[in-house]
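Novice: What follows is upload12.cif, made up of mmCIF, C-alpha atoms and all ligand atoms:
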data_structure
loop_
_atom_site.group_PDB
_atom_site.id
_atom_site.type_symbol
_atom_site.label_atom_id
_atom_site.label_comp_id
_atom_site.auth_asym_id
_atom_site.auth_seq_id
_atom_site.Cartn_x
_atom_site.Cartn_y
_atom_site.Cartn_z
ATOM 1 C CA MET A 1 162.516 83.665 142.077
ATOM 2 C CA ALA A 2 163.457 87.006 140.604
ATOM 3 C CA GLU A 3 163.116 90.059 142.767
ATOM 4 C CA PHE A 4 160.872 92.801 141.471
ATOM 5 C CA SER A 5 160.785 96.367 142.464
ATOM 6 C CA TRP A 6 157.461 97.951 141.607
ATOM 7 C CA GLU A 7 157.617 101.648 141.173
ATOM 8 C CA ILE A 8 154.342 103.466 140.628
ATOM 9 C CA ARG A 9 154.664 105.941 137.797
ATOM 10 C CA SER A 10 152.185 108.184 136.127
ATOM 11 C CA PRO A 11 151.306 107.218 132.535
ATOM 12 C CA LEU A 12 152.356 110.822 131.777
ATOM 13 C CA HIS A 13 155.777 110.555 133.414
ATOM 14 C CA ARG A 14 157.516 110.902 130.049
ATOM 15 C CA ALA A 15 155.131 113.275 128.313
ATOM 16 C CA LEU A 16 154.678 115.763 131.126
ATOM 17 C CA VAL A 17 157.470 118.330 131.339
ATOM 18 C CA SER A 18 156.780 120.884 134.047
ATOM 19 C CA GLY A 19 157.136 124.532 133.116
ATOM 20 C CA PRO A 20 155.917 126.858 130.389
ATOM 21 C CA PHE A 21 154.946 125.590 126.936
ATOM 22 C CA GLY A 22 153.965 127.387 123.744
ATOM 23 C CA ALA A 23 153.387 131.105 123.446
ATOM 24 C CA HIS A 24 155.516 133.261 125.719
ATOM 25 C CA GLY A 25 154.196 135.504 128.429
ATOM 26 C CA GLU A 26 151.446 134.829 130.898
ATOM 27 C CA GLY A 27 150.212 131.232 130.730
ATOM 28 C CA GLY A 28 146.679 131.374 129.327
ATOM 29 C CA VAL A 29 145.993 127.812 130.455
ATOM 30 C CA THR A 30 147.245 125.764 133.357
ATOM 31 C CA LEU A 31 147.396 122.006 132.787
ATOM 32 C CA THR A 32 147.980 120.019 135.944
ATOM 33 C CA GLU A 33 148.118 116.273 136.266
ATOM 34 C CA ILE A 34 146.706 115.160 139.614
ATOM 35 C CA ARG A 35 148.617 112.121 140.859
ATOM 36 C CA ASN A 36 148.083 109.433 143.492
ATOM 37 C CA PHE A 37 144.310 109.464 143.793
ATOM 38 C CA ASP A 38 141.921 106.648 144.675
ATOM 39 C CA LEU A 39 139.166 106.025 142.148
ATOM 40 C CA VAL A 40 136.442 103.412 142.497
ATOM 41 C CA GLN A 41 133.660 102.815 139.996
ATOM 42 C CA VAL A 42 130.352 101.791 141.551
ATOM 43 C CA MET A 43 127.795 100.211 139.201
ATOM 44 C CA ALA A 44 124.349 99.107 140.324
ATOM 45 C CA ARG A 45 123.449 95.491 139.674
ATOM 46 C CA ARG A 46 120.365 94.948 137.558
ATOM 47 C CA GLY A 47 117.305 96.355 139.301
ATOM 48 C CA LYS A 48 119.336 97.475 142.328
ATOM 49 C CA ALA A 49 119.806 101.181 141.540
ATOM 50 C CA ALA A 50 117.564 102.345 144.380
ATOM 51 C CA GLU A 51 119.397 100.110 146.880
ATOM 52 C CA MET A 52 122.730 101.400 145.558
ATOM 53 C CA ALA A 53 121.562 104.986 146.005
ATOM 54 C CA SER A 54 120.524 104.371 149.619
ATOM 55 C CA ALA A 55 123.781 102.533 150.329
ATOM 56 C CA ALA A 56 125.708 105.499 148.919
ATOM 57 C CA ASN A 57 123.653 107.920 150.968
ATOM 58 C CA ALA A 58 124.302 105.889 154.125
ATOM 59 C CA HIS A 59 128.039 105.730 153.432
ATOM 60 C CA PHE A 60 128.747 109.227 152.163
ATOM 61 C CA GLY A 61 125.917 111.228 153.716
ATOM 62 C CA VAL A 62 124.999 112.835 150.399
ATOM 63 C CA ALA A 63 122.660 111.892 147.568
ATOM 64 C CA VAL A 64 124.430 110.055 144.768
ATOM 65 C CA PRO A 65 124.278 111.955 141.442
ATOM 66 C CA GLU A 66 121.617 110.355 139.245
ATOM 67 C CA THR A 67 122.120 112.811 136.405
ATOM 68 C CA PRO A 68 125.423 114.113 134.944
ATOM 69 C CA LYS A 69 126.586 115.962 138.044
ATOM 70 C CA THR A 70 128.987 115.599 140.919
ATOM 71 C CA ALA A 71 128.298 115.472 144.630
ATOM 72 C CA GLY A 72 130.785 116.534 147.262
ATOM 73 C CA ALA A 73 131.048 114.252 150.272
ATOM 74 C CA ALA A 74 133.454 114.283 153.197
ATOM 75 C CA GLU A 75 136.881 113.639 151.679
ATOM 76 C CA ALA A 76 135.404 112.308 148.444
ATOM 77 C CA THR A 77 133.770 113.488 145.247
ATOM 78 C CA LEU A 78 131.040 111.356 143.673
ATOM 79 C CA ILE A 79 130.973 111.769 139.906
ATOM 80 C CA TRP A 80 128.191 110.507 137.653
ATOM 81 C CA SER A 81 129.707 108.221 135.007
ATOM 82 C CA GLY A 82 126.606 106.790 133.309
ATOM 83 C CA PRO A 83 123.127 105.525 134.172
ATOM 84 C CA ASP A 84 123.140 103.856 137.596
ATOM 85 C CA GLN A 85 126.878 104.245 138.064
ATOM 86 C CA PHE A 86 129.307 106.712 139.568
ATOM 87 C CA PHE A 87 132.930 107.222 140.503
ATOM 88 C CA VAL A 88 134.246 107.774 144.005
ATOM 89 C CA LEU A 89 137.299 110.024 143.799
ATOM 90 C CA SER A 90 139.361 110.470 146.942
ATOM 91 C CA LYS A 91 142.888 110.181 148.193
ATOM 92 C CA GLY A 92 144.939 108.867 151.086
ATOM 93 C CA GLY A 93 143.178 105.486 151.157
ATOM 94 C CA ARG A 94 139.998 106.821 152.725
ATOM 95 C CA HIS A 95 137.571 105.366 150.194
ATOM 96 C CA GLN A 96 139.034 102.279 148.563
ATOM 97 C CA VAL A 97 137.294 99.135 147.344
ATOM 98 C CA GLY A 98 138.017 97.321 150.612
ATOM 99 C CA SER A 99 136.254 99.841 152.796
ATOM 100 C CA LEU A 100 133.412 100.510 150.330
ATOM 101 C CA ALA A 101 132.617 96.897 149.459
ATOM 102 C CA PRO A 102 130.656 95.881 152.591
ATOM 103 C CA GLY A 103 128.169 98.751 152.189
ATOM 104 C CA PHE A 104 127.497 97.941 148.541
ATOM 105 C CA ALA A 105 127.647 94.135 148.773
ATOM 106 C CA ALA A 106 123.919 93.746 148.112
ATOM 107 C CA SER A 107 123.452 96.405 145.444
ATOM 108 C CA ALA A 108 126.475 97.244 143.311
ATOM 109 C CA SER A 109 129.690 95.996 141.778
ATOM 110 C CA LEU A 110 132.860 97.916 142.560
ATOM 111 C CA SER A 111 135.958 98.174 140.468
ATOM 112 C CA ASP A 112 139.208 99.899 141.334
ATOM 113 C CA GLN A 113 140.164 102.390 138.620
ATOM 114 C CA SER A 114 142.878 104.239 140.566
ATOM 115 C CA HIS A 115 145.662 103.216 138.204
ATOM 116 C CA ALA A 116 143.449 102.921 135.131
ATOM 117 C CA ARG A 117 142.813 106.637 134.634
ATOM 118 C CA VAL A 118 144.762 109.829 134.475
ATOM 119 C CA LEU A 119 143.278 112.953 135.998
ATOM 120 C CA ILE A 120 144.023 116.240 134.258
ATOM 121 C CA ARG A 121 142.940 119.610 135.615
ATOM 122 C CA ILE A 122 142.496 122.501 133.186
ATOM 123 C CA CYS A 123 142.106 126.075 134.335
ATOM 124 C CA GLY A 124 143.081 129.594 133.383
ATOM 125 C CA ASP A 125 141.722 132.366 131.166
ATOM 126 C CA LYS A 126 141.841 130.190 128.060
ATOM 127 C CA ALA A 127 140.692 126.897 129.571
ATOM 128 C CA ARG A 128 137.369 127.023 127.725
ATOM 129 C CA ALA A 129 139.074 128.028 124.477
ATOM 130 C CA LEU A 130 141.382 125.027 124.721
ATOM 131 C CA LEU A 131 138.547 122.636 125.564
ATOM 132 C CA ALA A 132 136.358 124.001 122.788
ATOM 133 C CA LYS A 133 138.851 122.568 120.304
ATOM 134 C CA LEU A 134 138.481 119.096 121.798
ATOM 135 C CA SER A 135 134.942 118.857 123.055
ATOM 136 C CA SER A 136 131.462 119.464 121.677
ATOM 137 C CA ILE A 137 130.078 120.063 125.171
ATOM 138 C CA ASP A 138 128.809 123.588 125.816
ATOM 139 C CA LEU A 139 131.082 124.831 128.612
ATOM 140 C CA TYR A 140 129.542 128.303 128.809
ATOM 141 C CA PRO A 141 129.253 129.144 132.550
ATOM 142 C CA ALA A 142 125.452 129.058 132.572
ATOM 143 C CA ALA A 143 125.287 125.812 130.593
ATOM 144 C CA PHE A 144 128.019 124.005 132.538
ATOM 145 C CA PRO A 145 128.029 125.383 136.090
ATOM 146 C CA VAL A 146 130.134 124.107 138.987
ATOM 147 C CA GLY A 147 129.174 120.509 139.731
ATOM 148 C CA THR A 148 128.201 119.598 136.161
ATOM 149 C CA ALA A 149 129.642 116.388 134.732
ATOM 150 C CA ALA A 150 129.626 114.701 131.322
ATOM 151 C CA ALA A 151 130.535 111.310 129.951
ATOM 152 C CA THR A 152 131.792 112.338 126.544
ATOM 153 C CA SER A 153 134.588 112.043 124.006
ATOM 154 C CA MET A 154 137.569 114.281 123.309
ATOM 155 C CA ASP A 155 139.613 113.629 120.223
ATOM 156 C CA HIS A 156 137.787 110.270 119.815
ATOM 157 C CA THR A 157 138.756 109.269 123.342
ATOM 158 C CA SER A 158 136.170 108.568 126.053
ATOM 159 C CA VAL A 159 136.550 110.847 129.040
ATOM 160 C CA THR A 160 134.698 111.865 132.157
ATOM 161 C CA LEU A 161 134.600 115.631 132.357
ATOM 162 C CA TRP A 162 133.384 117.743 135.243
ATOM 163 C CA ARG A 163 133.603 121.262 136.525
ATOM 164 C CA GLY A 164 135.066 121.464 140.021
ATOM 165 C CA ASN A 165 134.885 124.315 142.476
ATOM 166 C CA ASP A 166 136.285 127.560 141.129
ATOM 167 C CA ALA A 167 139.905 128.346 141.872
ATOM 168 C CA ARG A 168 140.749 130.932 144.546
ATOM 169 C CA ASP A 169 141.102 133.583 141.851
ATOM 170 C CA GLY A 170 137.578 132.793 140.618
ATOM 171 C CA GLN A 171 138.670 130.926 137.496
ATOM 172 C CA ALA A 172 136.644 127.913 136.379
ATOM 173 C CA VAL A 173 138.316 124.534 136.920
ATOM 174 C CA PHE A 174 137.681 121.605 134.578
ATOM 175 C CA ASN A 175 138.689 118.041 135.363
ATOM 176 C CA VAL A 176 139.166 115.258 132.834
ATOM 177 C CA LEU A 177 139.513 111.572 133.669
ATOM 178 C CA VAL A 178 140.938 109.655 130.718
ATOM 179 C CA PHE A 179 141.940 106.010 130.292
ATOM 180 C CA ALA A 180 145.611 105.626 131.257
ATOM 181 C CA THR A 181 146.740 104.261 127.899
ATOM 182 C CA PHE A 182 145.073 107.143 126.017
ATOM 183 C CA ALA A 183 146.365 109.814 128.380
ATOM 184 C CA GLU A 184 149.615 110.576 126.583
ATOM 185 C CA SER A 185 147.814 111.033 123.274
ATOM 186 C CA LEU A 186 145.170 113.325 124.777
ATOM 187 C CA TRP A 187 147.863 115.206 126.699
ATOM 188 C CA HIS A 188 149.752 116.009 123.493
ATOM 189 C CA THR A 189 146.497 117.064 121.832
ATOM 190 C CA MET A 190 145.788 119.382 124.763
ATOM 191 C CA LEU A 191 149.277 120.890 124.516
ATOM 192 C CA ASP A 192 148.883 121.446 120.777
ATOM 193 C CA SER A 193 145.496 123.076 121.389
ATOM 194 C CA GLY A 194 146.831 125.281 124.155
ATOM 195 C CA ALA A 195 150.168 126.262 122.596
ATOM 196 C CA GLU A 196 148.825 129.486 121.097
ATOM 197 C CA TYR A 197 147.612 130.654 124.525
ATOM 198 C CA GLY A 198 150.703 129.652 126.472
ATOM 199 C CA VAL A 199 150.448 126.675 128.815
ATOM 200 C CA GLU A 200 151.757 126.333 132.345
ATOM 201 C CA ILE A 201 152.397 122.621 132.915
ATOM 202 C CA GLY A 202 152.703 120.929 136.247
ATOM 203 C CA HIS A 203 151.611 118.066 138.454
ATOM 204 C CA SER A 204 150.150 117.966 141.899
ATOM 205 C CA GLU A 205 148.882 115.550 144.530
ATOM 206 C CA ASP A 206 146.206 117.972 145.643
ATOM 207 C CA LEU A 207 142.666 116.911 144.732
ATOM 208 C CA ALA A 208 140.965 120.068 145.950
ATOM 209 C CA MET B 1 123.113 114.819 112.950
ATOM 210 C CA ARG B 2 122.781 114.944 116.712
ATOM 211 C CA ILE B 3 121.089 112.523 119.076
ATOM 212 C CA THR B 4 119.594 113.563 122.394
ATOM 213 C CA CYS B 5 120.697 110.834 124.759
ATOM 214 C CA PRO B 6 118.092 110.458 127.520
ATOM 215 C CA PHE B 7 120.947 110.296 130.040
ATOM 216 C CA CYS B 8 123.487 112.785 128.655
ATOM 217 C CA GLY B 9 121.535 115.287 126.592
ATOM 218 C CA GLU B 10 122.197 116.363 123.011
ATOM 219 C CA ARG B 11 125.420 114.958 121.546
ATOM 220 C CA GLU B 12 127.171 114.825 118.199
ATOM 221 C CA LEU B 13 126.803 111.742 116.023
ATOM 222 C CA GLY B 14 130.480 110.784 116.508
ATOM 223 C CA GLU B 15 129.794 109.662 120.065
ATOM 224 C CA PHE B 16 127.283 107.039 118.865
ATOM 225 C CA THR B 17 127.470 103.763 116.982
ATOM 226 C CA TYR B 18 124.610 102.508 114.822
ATOM 227 C CA LEU B 19 123.487 99.016 115.730
ATOM 228 C CA GLY B 20 120.700 98.463 113.229
ATOM 229 C CA ASP B 21 116.975 97.816 113.174
ATOM 230 C CA ALA B 22 115.459 97.609 116.660
ATOM 231 C CA LYS B 23 112.515 95.517 115.508
ATOM 232 C CA PRO B 24 113.862 91.944 115.109
ATOM 233 C CA MET B 25 113.286 89.892 118.243
ATOM 234 C CA ARG B 26 115.299 86.783 118.990
ATOM 235 C CA PRO B 27 113.095 83.753 118.220
ATOM 236 C CA ALA B 28 112.217 81.189 120.911
ATOM 237 C CA PRO B 29 114.781 78.391 121.367
ATOM 238 C CA GLY B 30 112.597 75.921 119.458
ATOM 239 C CA ALA B 31 112.003 78.209 116.457
ATOM 240 C CA SER B 32 112.251 76.904 112.908
ATOM 241 C CA GLU B 33 115.321 77.414 110.736
ATOM 242 C CA ASP B 34 113.359 79.895 108.603
ATOM 243 C CA GLU B 35 112.505 82.036 111.632
ATOM 244 C CA VAL B 36 116.146 82.075 112.779
ATOM 245 C CA TYR B 37 117.342 82.870 109.251
ATOM 246 C CA ASP B 38 114.882 85.751 109.104
ATOM 247 C CA TYR B 39 116.047 87.052 112.487
ATOM 248 C CA VAL B 40 119.747 86.858 111.645
ATOM 249 C CA TYR B 41 119.795 87.973 108.003
ATOM 250 C CA LEU B 42 116.617 89.540 106.691
ATOM 251 C CA ARG B 43 116.003 93.239 107.175
ATOM 252 C CA ASP B 44 113.433 95.648 105.820
ATOM 253 C CA ASN B 45 114.959 98.567 103.962
ATOM 254 C CA ILE B 46 112.629 101.225 105.314
ATOM 255 C CA ALA B 47 112.282 104.577 103.558
ATOM 256 C CA GLY B 48 110.651 106.530 106.365
ATOM 257 C CA VAL B 49 110.277 106.238 110.110
ATOM 258 C CA MET B 50 111.930 103.283 111.830
ATOM 259 C CA ASP B 51 113.152 102.245 115.277
ATOM 260 C CA GLU B 52 116.895 101.769 115.464
ATOM 261 C CA ASN B 53 119.368 100.684 118.114
ATOM 262 C CA TRP B 54 122.197 103.095 118.817
ATOM 263 C CA TYR B 55 125.020 102.793 121.311
ATOM 264 C CA HIS B 56 126.345 105.833 123.172
ATOM 265 C CA GLY B 57 129.841 104.353 123.374
ATOM 266 C CA GLY B 58 131.581 107.737 123.350
ATOM 267 C CA GLY B 59 129.462 108.844 126.297
ATOM 268 C CA CYS B 60 127.461 107.017 128.942
ATOM 269 C CA ARG B 61 127.699 103.619 127.179
ATOM 270 C CA ALA B 62 123.929 103.121 127.242
ATOM 271 C CA TRP B 63 122.031 101.374 124.458
ATOM 272 C CA LEU B 64 119.272 103.512 123.027
ATOM 273 C CA LYS B 65 116.208 103.030 120.857
ATOM 274 C CA VAL B 66 116.058 105.906 118.396
ATOM 275 C CA THR B 67 113.032 106.591 116.191
ATOM 276 C CA ARG B 68 114.437 108.143 113.030
ATOM 277 C CA ASN B 69 113.127 109.073 109.588
ATOM 278 C CA THR B 70 115.628 107.545 107.179
ATOM 279 C CA LEU B 71 114.614 110.026 104.459
ATOM 280 C CA THR B 72 115.086 113.227 106.467
ATOM 281 C CA HIS B 73 117.226 112.078 109.455
ATOM 282 C CA GLU B 74 114.593 113.655 111.677
ATOM 283 C CA ILE B 75 114.644 111.981 115.091
ATOM 284 C CA SER B 76 111.256 111.909 116.783
ATOM 285 C CA ALA B 77 112.046 109.877 119.912
ATOM 286 C CA VAL B 78 114.980 108.481 121.873
ATOM 287 C CA GLU B 79 114.602 106.157 124.817
ATOM 288 C CA PRO B 80 116.767 103.670 126.706
ATOM 289 C CA ALA B 81 116.781 100.299 124.971
ATOM 290 C CA ALA B 82 114.859 97.532 126.713
ATOM 291 C CA GLY B 83 116.938 96.114 129.555
ATOM 292 C CA ALA B 84 119.228 99.138 129.798
ATOM 293 C CA GLY B 85 118.096 99.044 133.410
ATOM 294 C CA ALA B 86 118.471 102.671 134.320
ATOM 295 C CA ARG B 87 116.304 104.100 137.033
ATOM 296 C CA GLN B 88 116.217 107.735 136.064
ATOM 297 C CA VAL B 89 116.819 109.701 132.909
ATOM 298 C CA ALA B 90 118.380 113.146 132.707
ATOM 299 C CA LYS B 91 116.579 116.476 133.193
HETATM 300 ZN ZN ZN A 301 124.484 108.954 126.907
#
Translate the structure of the given file into structure tokens.
Ligand SMILES: [Zn+2]

Specialist:
Amino acid sequence: MAEFSWEIRSPLHRALVSGPFGAHGEGGVTLTEIRNFDLVQVMARRGKAAEMASAANAHFGVAVPETPKTAGAAEATLIWSGPDQFFVLSKGGRHQVGSLAPGFAASASLSDQSHARVLIRICGDKARALLAKLSSIDLYPAAFPVGTAAATSMDHTSVTLWRGNDARDGQAVFNVLVFATFAESLWHTMLDSGAEYGVEIGHSEDLA
Amino acid sequence: MRITCPFCGERELGEFTYLGDAKPMRPAPGASEDEVYDYVYLRDNIAGVMDENWYHGGGCRAWLKVTRNTLTHEISAVEPAAGAGARQVAK
């Protein structure tokens, strides 16, 4: 039998070139791919949404988002992804299907999406200007405060968008989860949209 | 045109797919050939207010029942389609 060596690579490993891109000077936008996260989708079985919500509360100690919002739990973020369903985003193997499954056995179906999505973080002075070219969601601070989420489309591609905690310098931080096979296309579209502002490109393993 | 998804809020038309008249109901298993033919093929061409199925595929992936005036595109109601199974709607 042939020997295989499986090397985990980001779907953006070719497209992402760290460093400055576009207009010179101060980067107006920072685009960071977040790598090596754990992502589990939890979907209530028919008629079991209330049981799923109590199971989530018991496991995470916070109320599961039932509207397009996020909820911060210990070492995990719960992100609304549609009616009666949410994502569990974490890292370091703390909240994977194996450890979540027993608590949700009676109420929800779990599916591991860790390698099925790419997570892109957008921040900087021109983050909203870049996103406004791709999204019809109103990202004005009062309309889309910290902790707001949306299941929406960017450039005809389904994404999960949410606003994380502000960066240390007070800048808004937007996160986009996109299907792995669409990530390269959306990435290039984001670069094209951000080129006029100057983009600082990088990758990180830091979820915070 | 925009549709206010009961789960997501107001969204552009591009996030939705039209799935036709919401009125036809699948006939019982023992229904006559005429009833099945009617269900599968025959549709009223309504000039005015009708209930339609829409799919929020570019968003929350819920099926919706939209009440729309086909003459003016005015939408008077949007609700989860029967069996969508959601416990709580937005807002
Ligand atoms: Zn929706």

Novice: Please identify the residues whose atoms come within 12 Å of ligand ZN 301 (chain A), using only C-alpha atoms and all ligand atoms, and report them as a PDB file with C-alpha atoms, keeping the file's coordinate frame.

Specialist:
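Below is the file that was written, result.pdb:
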ATOM      1  CA  THR A  67     122.120 112.811 136.405  1.00  0.00           C
ATOM      2  CA  PRO A  68     125.423 114.113 134.944  1.00  0.00           C
ATOM      3  CA  TRP A  80     128.191 110.507 137.653  1.00  0.00           C
ATOM      4  CA  SER A  81     129.707 108.221 135.007  1.00  0.00           C
ATOM      5  CA  GLY A  82     126.606 106.790 133.309  1.00  0.00           C
ATOM      6  CA  PRO A  83     123.127 105.525 134.172  1.00  0.00           C
ATOM      7  CA  ASP A  84     123.140 103.856 137.596  1.00  0.00           C
ATOM      8  CA  ALA A 149     129.642 116.388 134.732  1.00  0.00           C
ATOM      9  CA  ALA A 150     129.626 114.701 131.322  1.00  0.00           C
ATOM     10  CA  ALA A 151     130.535 111.310 129.951  1.00  0.00           C
ATOM     11  CA  THR A 152     131.792 112.338 126.544  1.00  0.00           C
ATOM     12  CA  SER A 153     134.588 112.043 124.006  1.00  0.00           C
ATOM     13  CA  SER A 158     136.170 108.568 126.053  1.00  0.00           C
ATOM     14  CA  THR A 160     134.698 111.865 132.157  1.00  0.00           C
TER      15      THR A 160
ATOM     16  CA  ARG B   2     122.781 114.944 116.712  1.00  0.00           C
ATOM     17  CA  ILE B   3     121.089 112.523 119.076  1.00  0.00           C
ATOM     18  CA  THR B   4     119.594 113.563 122.394  1.00  0.00           C
ATOM     19  CA  CYS B   5     120.697 110.834 124.759  1.00  0.00           C
ATOM     20  CA  PRO B   6     118.092 110.458 127.520  1.00  0.00           C
ATOM     21  CA  PHE B   7     120.947 110.296 130.040  1.00  0.00           C
ATOM     22  CA  CYS B   8     123.487 112.785 128.655  1.00  0.00           C
ATOM     23  CA  GLY B   9     121.535 115.287 126.592  1.00  0.00           C
ATOM     24  CA  GLU B  10     122.197 116.363 123.011  1.00  0.00           C
ATOM     25  CA  ARG B  11     125.420 114.958 121.546  1.00  0.00           C
ATOM     26  CA  GLU B  12     127.171 114.825 118.199  1.00  0.00           C
ATOM     27  CA  LEU B  13     126.803 111.742 116.023  1.00  0.00           C
ATOM     28  CA  GLU B  15     129.794 109.662 120.065  1.00  0.00           C
ATOM     29  CA  PHE B  16     127.283 107.039 118.865  1.00  0.00           C
ATOM     30  CA  THR B  17     127.470 103.763 116.982  1.00  0.00           C
ATOM     31  CA  TRP B  54     122.197 103.095 118.817  1.00  0.00           C
ATOM     32  CA  TYR B  55     125.020 102.793 121.311  1.00  0.00           C
ATOM     33  CA  HIS B  56     126.345 105.833 123.172  1.00  0.00           C
ATOM     34  CA  GLY B  57     129.841 104.353 123.374  1.00  0.00           C
ATOM     35  CA  GLY B  58     131.581 107.737 123.350  1.00  0.00           C
ATOM     36  CA  GLY B  59     129.462 108.844 126.297  1.00  0.00           C
ATOM     37  CA  CYS B  60     127.461 107.017 128.942  1.00  0.00           C
ATOM     38  CA  ARG B  61     127.699 103.619 127.179  1.00  0.00           C
ATOM     39  CA  ALA B  62     123.929 103.121 127.242  1.00  0.00           C
ATOM     40  CA  TRP B  63     122.031 101.374 124.458  1.00  0.00           C
ATOM     41  CA  LEU B  64     119.272 103.512 123.027  1.00  0.00           C
ATOM     42  CA  LYS B  65     116.208 103.030 120.857  1.00  0.00           C
ATOM     43  CA  VAL B  78     114.980 108.481 121.873  1.00  0.00           C
ATOM     44  CA  GLU B  79     114.602 106.157 124.817  1.00  0.00           C
ATOM     45  CA  PRO B  80     116.767 103.670 126.706  1.00  0.00           C
ATOM     46  CA  ALA B  81     116.781 100.299 124.971  1.00  0.00           C
ATOM     47  CA  ALA B  84     119.228  99.138 129.798  1.00  0.00           C
ATOM     48  CA  ALA B  86     118.471 102.671 134.320  1.00  0.00           C
ATOM     49  CA  VAL B  89     116.819 109.701 132.909  1.00  0.00           C
ATOM     50  CA  ALA B  90     118.380 113.146 132.707  1.00  0.00           C
TER      51      ALA B  90
END

Novice: Quick check on the file I pasted: which residues fall under the PyMOL selection byres (((chain A and resi 125) around 10) and not hetatm)? Write them as a list in words.

Specialist: Gly27, Gly28, Val29, Thr30, Cys123, Gly124, Lys126, Ala127, Arg128, Ala129, Leu130, Gln171, Ala172 and Tyr197 of chain A

Novice: Rounded to one decimal, what separation in Å do you get between CA of Ser90 in chain A and CA of Ala71 in chain A?

Specialist: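 Those two atoms sit 12.4 Å apart.
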
Novice: Identify all residues satisfying the PyMOL selection byres (((chain A and resi 19) around 8) and not hetatm) in the given file; provide them as a list in words.

Specialist: Val17, Ser18, Pro20, Phe21, Glu200, Ile201 and Gly202 of chain A

Novice: Could you please determine the separation between CA of Trp187 in chain A and CA of Ala167 in chain A in Å, to one decimal place?

Specialist: 21.6 Å

Novice: Just how far from CA of Asp155 in chain A is CA of Ala132 in chain A, in Å to one decimal?

Specialist: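 Rounded to one decimal, the two atoms are 11.2 Å apart.
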
Novice: Using only C-alpha atoms for the distances, tell me which of A:Ala63, A:Ala44, A:Ala180, A:Ala23 is nearest to chain B.

Specialist: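 When distances to chain B are compared using only C-alpha atoms, the smallest one comes from A:Ala44.
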
Novice: Carefully work through the PyMOL selection byres (((chain A and resi 148) around 6) and not hetatm) for this structure and note down the residues it includes, as a PyMOL selection string.

Specialist: chain A and resi 69+144-147+149+162-163

Novice: Using only C-alpha atoms, can you tell me which of A:Ala108, A:Ala55, A:Leu16, A:Ala195 comes closest to Ile34 in chain A?

Specialist: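 Among the listed residues, the smallest separation from Ile34 in chain A belongs to A:Leu16.
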
Novice: What lies within 10 Å of Met25 in chain B using only C-alpha atoms, ignoring chain neighbours under 5 positions off, as a list of chain:residue names?

Specialist: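 Once the adjacent positions are removed, what remains is B:Val36, B:Tyr39, B:Val40.
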
Novice: Pick the closest to Thr32 in chain A from A:Ile8, A:Ile120, A:Ala56, A:Val176: which is it, counting all atoms listed in the file?

Specialist: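 Going through A:Ile8, A:Ile120, A:Ala56, A:Val176 one by one, the smallest distance to Thr32 in chain A is for A:Ile120.
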
Novice: Neighbouring residues of Lys91 in chain A were defined as those with any atom within 9 Å, considering only C-alpha atoms; residues of the same chain fewer than 5 positions away were excluded. Please report them as a ChimeraX atom specification.

Specialist: /A:36-39,75-76,96,205-207

Novice: Which residue gives the smallest distance to His73 in chain B among B:Met50, B:Leu42, B:Met1, B:Leu19, with only C-alpha atoms counted?

Specialist: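 Closest to His73 in chain B of all the choices is B:Met1.
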
Novice: Would you please work out which residue, of B:Ile46, B:Ala77, B:Ala82, B:Leu71, is nearest to Asp21 in chain B when using all atoms listed in the file?

Specialist: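 Result for the nearest residue to Asp21 in chain B: B:Ile46.
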
Novice: The residues within 10 Å of (122.6, 101.6, 148.1), using all atoms listed in the file and the coordinates of the file, should be reported as JSON, numbers by chain; which are they?

Specialist: {"A": [44, 48, 49, 50, 51, 52, 53, 54, 55, 56, 57, 58, 59, 64, 103, 104, 105, 106, 107, 108]}

Novice: So which residues fall inside 6 Å of (131.8, 109.4, 141.4) if we count only C-alpha atoms? Mind giving them as a count of residues only?

Specialist: 7

Novice: Counting all atoms listed in the file, figure out which residue out of B:Ser76, B:Asn45, B:Asn69, B:Gly14 gets nearest to chain A.

Specialist: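 Of the candidates, the smallest distance to chain A is held by B:Gly14.
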
Novice: As AutoDock Vina command-line options, please: the centre and edge lengths in Å, to one decimal, of an axis-aligned box enclosing every listed atom of range 114-120 of chain A with 8 Å added on each side.

Specialist:
--center_x 144.2 --center_y 109.6 --center_z 137.4 --size_x 18.8 --size_y 29.3 --size_z 22.3
